[in-house]
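Notes follow the structure.
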Amino acid sequence: MIAIQTKYLPATNTKSSRIKAFTNNFNVIIPFDCSLNDEQVYFKAVKELVKKHKLDWDISIMNYGSTKNGYVFTFNHSTIKA
């Protein structure tokens, strides 16, 4: 099963707030979209990770839970296809 972790990255002197989505081999960082609620902005990062790395993962049915730093997303019957 694929598990994608997400993490909030606070603003710095040179960058605005961001969201990082990552797995063992892949990651992406996107700007924090204030127009979305928490779950939506973190899921947007997950979708961008899948898109950026051209991954053939079925993310249509997901489970998620909050952590200290963000959310973890898992997907029913998900496998990594080579």
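In the structure tokens, each chain is lettered A, B, ... as it comes, each chain's residues begin at 1, and ligands are numbered from 1 in order of appearance.
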**Q.** Selection: 9 Å around region 39-49 of chain A, only C-alpha atoms, excl. self and same-chain fewer than 4 positions, as a ChimeraX atom specification
**A.** /A:4-8,19-22,26-35,53-55,59,64,70-71,73
Just N, CA and C atoms for this one: save the residues we selected as an mmCIF file, in the first residue's frame.
data_model
loop_
_atom_site.group_PDB
_atom_site.id
_atom_site.type_symbol
_atom_site.label_atom_id
_atom_site.label_comp_id
_atom_site.auth_asym_id
_atom_site.auth_seq_id
_atom_site.Cartn_x
_atom_site.Cartn_y
_atom_site.Cartn_z
ATOM 1 N N ILE A 4 1.471 8.354 1.440
ATOM 2 C CA ILE A 4 2.083 9.638 1.109
ATOM 3 C C ILE A 4 1.924 10.542 2.323
ATOM 4 N N GLN A 5 3.034 11.041 2.811
ATOM 5 C CA GLN A 5 3.026 11.948 3.943
ATOM 6 C C GLN A 5 3.025 13.387 3.438
ATOM 7 N N THR A 6 2.407 14.264 4.195
ATOM 8 C CA THR A 6 2.430 15.687 3.864
ATOM 9 C C THR A 6 2.880 16.458 5.099
ATOM 10 N N LYS A 7 3.458 17.608 4.845
ATOM 11 C CA LYS A 7 4.015 18.401 5.936
ATOM 12 C C LYS A 7 3.875 19.881 5.604
ATOM 13 N N TYR A 8 3.491 20.673 6.591
ATOM 14 C CA TYR A 8 3.409 22.125 6.445
ATOM 15 C C TYR A 8 4.799 22.721 6.617
ATOM 16 N N ILE A 19 3.473 23.428 1.268
ATOM 17 C CA ILE A 19 3.117 22.069 1.670
ATOM 18 C C ILE A 19 4.048 21.119 0.927
ATOM 19 N N LYS A 20 4.624 20.167 1.652
ATOM 20 C CA LYS A 20 5.487 19.153 1.051
ATOM 21 C C LYS A 20 4.751 17.821 1.113
ATOM 22 N N ALA A 21 4.714 17.105 -0.015
ATOM 23 C CA ALA A 21 4.182 15.743 -0.075
ATOM 24 C C ALA A 21 5.336 14.837 -0.446
ATOM 25 N N PHE A 22 5.439 13.679 0.253
ATOM 26 C CA PHE A 22 6.588 12.827 -0.014
ATOM 27 C C PHE A 22 6.310 11.365 0.319
ATOM 28 N N PHE A 26 9.844 9.827 -3.831
ATOM 29 C CA PHE A 26 9.328 10.989 -4.549
ATOM 30 C C PHE A 26 8.949 12.100 -3.579
ATOM 31 N N ASN A 27 9.031 13.353 -4.053
ATOM 32 C CA ASN A 27 8.548 14.471 -3.246
ATOM 33 C C ASN A 27 8.202 15.642 -4.144
ATOM 34 N N VAL A 28 7.401 16.540 -3.602
ATOM 35 C CA VAL A 28 7.016 17.774 -4.278
ATOM 36 C C VAL A 28 6.695 18.800 -3.201
ATOM 37 N N ILE A 29 6.949 20.063 -3.500
ATOM 38 C CA ILE A 29 6.599 21.165 -2.598
ATOM 39 C C ILE A 29 5.761 22.147 -3.402
ATOM 40 N N ILE A 30 4.598 22.514 -2.844
ATOM 41 C CA ILE A 30 3.709 23.461 -3.521
ATOM 42 C C ILE A 30 3.418 24.636 -2.585
ATOM 43 N N PRO A 31 3.044 25.786 -3.146
ATOM 44 C CA PRO A 31 2.639 26.915 -2.299
ATOM 45 C C PRO A 31 1.362 26.584 -1.535
ATOM 46 N N PHE A 32 1.223 27.118 -0.334
ATOM 47 C CA PHE A 32 0.005 26.933 0.451
ATOM 48 C C PHE A 32 -1.105 27.753 -0.192
ATOM 49 N N ASP A 33 -2.209 27.105 -0.541
ATOM 50 C CA ASP A 33 -3.342 27.760 -1.184
ATOM 51 C C ASP A 33 -4.375 28.102 -0.120
ATOM 52 N N CYS A 34 -4.444 29.362 0.258
ATOM 53 C CA CYS A 34 -5.338 29.806 1.338
ATOM 54 C C CYS A 34 -6.816 29.696 0.983
ATOM 55 N N SER A 35 -7.136 29.510 -0.290
ATOM 56 C CA SER A 35 -8.538 29.406 -0.685
ATOM 57 C C SER A 35 -9.109 28.011 -0.417
ATOM 58 N N HIS A 53 5.631 13.374 -11.010
ATOM 59 C CA HIS A 53 6.461 12.190 -11.244
ATOM 60 C C HIS A 53 5.819 11.195 -12.215
ATOM 61 N N LYS A 54 4.663 11.592 -12.811
ATOM 62 C CA LYS A 54 3.965 10.760 -13.799
ATOM 63 C C LYS A 54 3.744 9.342 -13.273
ATOM 64 N N LEU A 55 3.225 9.273 -12.056
ATOM 65 C CA LEU A 55 3.005 7.996 -11.391
ATOM 66 C C LEU A 55 1.654 7.416 -11.773
ATOM 67 N N ILE A 59 -5.578 7.147 -7.154
ATOM 68 C CA ILE A 59 -5.824 7.880 -5.912
ATOM 69 C C ILE A 59 -7.297 8.269 -5.785
ATOM 70 N N TYR A 64 -7.257 9.082 4.902
ATOM 71 C CA TYR A 64 -6.245 9.998 5.418
ATOM 72 C C TYR A 64 -6.467 10.240 6.895
ATOM 73 N N GLY A 70 1.084 17.336 9.566
ATOM 74 C CA GLY A 70 0.279 17.403 8.355
ATOM 75 C C GLY A 70 -0.707 16.258 8.290
ATOM 76 N N TYR A 71 -0.740 15.570 7.162
ATOM 77 C CA TYR A 71 -1.631 14.433 6.959
ATOM 78 C C TYR A 71 -0.851 13.301 6.315
ATOM 79 N N PHE A 73 -1.790 10.157 3.647
ATOM 80 C CA PHE A 73 -2.801 9.649 2.731
ATOM 81 C C PHE A 73 -2.435 8.237 2.308
#
Need the shell around Asn63 (chain A): protein/DNA/RNA residues with any atom at most 10 Å away, counting only C-alpha atoms. Skip same-chain ones fewer than 4 positions apart. Format as a PDB file with N, CA and C atoms, in the first residue's frame?
ATOM      1  N   ALA A   3       1.718   5.002   0.938  1.00  0.00           N
ATOM      2  CA  ALA A   3       1.426   6.010   1.953  1.00  0.00           C
ATOM      3  C   ALA A   3       2.187   7.268   1.574  1.00  0.00           C
ATOM      4  N   ILE A  59      -5.578   7.147  -7.154  1.00  0.00           N
ATOM      5  CA  ILE A  59      -5.824   7.880  -5.912  1.00  0.00           C
ATOM      6  C   ILE A  59      -7.297   8.269  -5.785  1.00  0.00           C
ATOM      7  N   VAL A  72      -1.369  12.090   6.468  1.00  0.00           N
ATOM      8  CA  VAL A  72      -0.869  10.925   5.746  1.00  0.00           C
ATOM      9  C   VAL A  72      -2.037  10.398   4.926  1.00  0.00           C
ATOM     10  N   PHE A  73      -1.790  10.157   3.647  1.00  0.00           N
ATOM     11  CA  PHE A  73      -2.801   9.649   2.731  1.00  0.00           C
ATOM     12  C   PHE A  73      -2.435   8.237   2.308  1.00  0.00           C
ATOM     13  N   THR A  74      -3.405   7.342   2.315  1.00  0.00           N
ATOM     14  CA  THR A  74      -3.241   5.993   1.767  1.00  0.00           C
ATOM     15  C   THR A  74      -4.389   5.771   0.797  1.00  0.00           C
ATOM     16  N   PHE A  75      -4.182   4.853  -0.118  1.00  0.00           N
ATOM     17  CA  PHE A  75      -5.152   4.637  -1.177  1.00  0.00           C
ATOM     18  C   PHE A  75      -5.508   3.165  -1.241  1.00  0.00           C
ATOM     19  N   ASN A  76      -6.806   2.860  -1.245  1.00  0.00           N
ATOM     20  CA  ASN A  76      -7.285   1.472  -1.287  1.00  0.00           C
ATOM     21  C   ASN A  76      -6.734   0.742  -2.503  1.00  0.00           C
TER      22      ASN A  76
END
Q.
Please report the interatomic distance between CA of Gly65 (chain A) and CA of Leu36 (chain A) in Å with one decimal.
A.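 Computing it gives 17.4 Å between the two atoms.
Assigned to strand (DSSP E) in chain A, given DSSP computed from backbone atoms, are Ala3, Ile4, Gln5, Thr6, Lys7, Tyr8, Leu9, Arg18, Ile19, Lys20, Ala21, Phe22, Asn27, Val28, Ile29, Ile30, Pro31, Met62, Asn63, Tyr64, Gly65, Ser66, Tyr71, Val72, Phe73, Thr74 and Phe75 of chain A.
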Hey, can you spit out that residue selection with C-alpha atoms as a PDB file, in the first residue's frame?
ATOM      1  CA  ALA A   3       1.426   6.010   1.953  1.00  0.00           C
ATOM      2  CA  ILE A   4       2.083   9.638   1.109  1.00  0.00           C
ATOM      3  CA  GLN A   5       3.026  11.948   3.943  1.00  0.00           C
ATOM      4  CA  THR A   6       2.430  15.687   3.864  1.00  0.00           C
ATOM      5  CA  LYS A   7       4.015  18.401   5.936  1.00  0.00           C
ATOM      6  CA  TYR A   8       3.409  22.125   6.445  1.00  0.00           C
ATOM      7  CA  LEU A   9       6.469  24.296   5.787  1.00  0.00           C
ATOM      8  CA  ARG A  18       4.301  25.667   1.516  1.00  0.00           C
ATOM      9  CA  ILE A  19       3.117  22.069   1.670  1.00  0.00           C
ATOM     10  CA  LYS A  20       5.487  19.153   1.051  1.00  0.00           C
ATOM     11  CA  ALA A  21       4.182  15.743  -0.075  1.00  0.00           C
ATOM     12  CA  PHE A  22       6.588  12.827  -0.014  1.00  0.00           C
ATOM     13  CA  ASN A  27       8.548  14.471  -3.246  1.00  0.00           C
ATOM     14  CA  VAL A  28       7.016  17.774  -4.278  1.00  0.00           C
ATOM     15  CA  ILE A  29       6.599  21.165  -2.598  1.00  0.00           C
ATOM     16  CA  ILE A  30       3.709  23.461  -3.521  1.00  0.00           C
ATOM     17  CA  PRO A  31       2.639  26.915  -2.299  1.00  0.00           C
ATOM     18  CA  MET A  62      -8.287   7.562  -0.308  1.00  0.00           C
ATOM     19  CA  ASN A  63      -8.011   7.347   3.429  1.00  0.00           C
ATOM     20  CA  TYR A  64      -6.245   9.998   5.418  1.00  0.00           C
ATOM     21  CA  GLY A  65      -5.469  11.015   8.922  1.00  0.00           C
ATOM     22  CA  SER A  66      -3.836  13.962  10.582  1.00  0.00           C
ATOM     23  CA  TYR A  71      -1.631  14.433   6.959  1.00  0.00           C
ATOM     24  CA  VAL A  72      -0.869  10.925   5.746  1.00  0.00           C
ATOM     25  CA  PHE A  73      -2.801   9.649   2.731  1.00  0.00           C
ATOM     26  CA  THR A  74      -3.241   5.993   1.767  1.00  0.00           C
ATOM     27  CA  PHE A  75      -5.152   4.637  -1.177  1.00  0.00           C
TER      28      PHE A  75
END
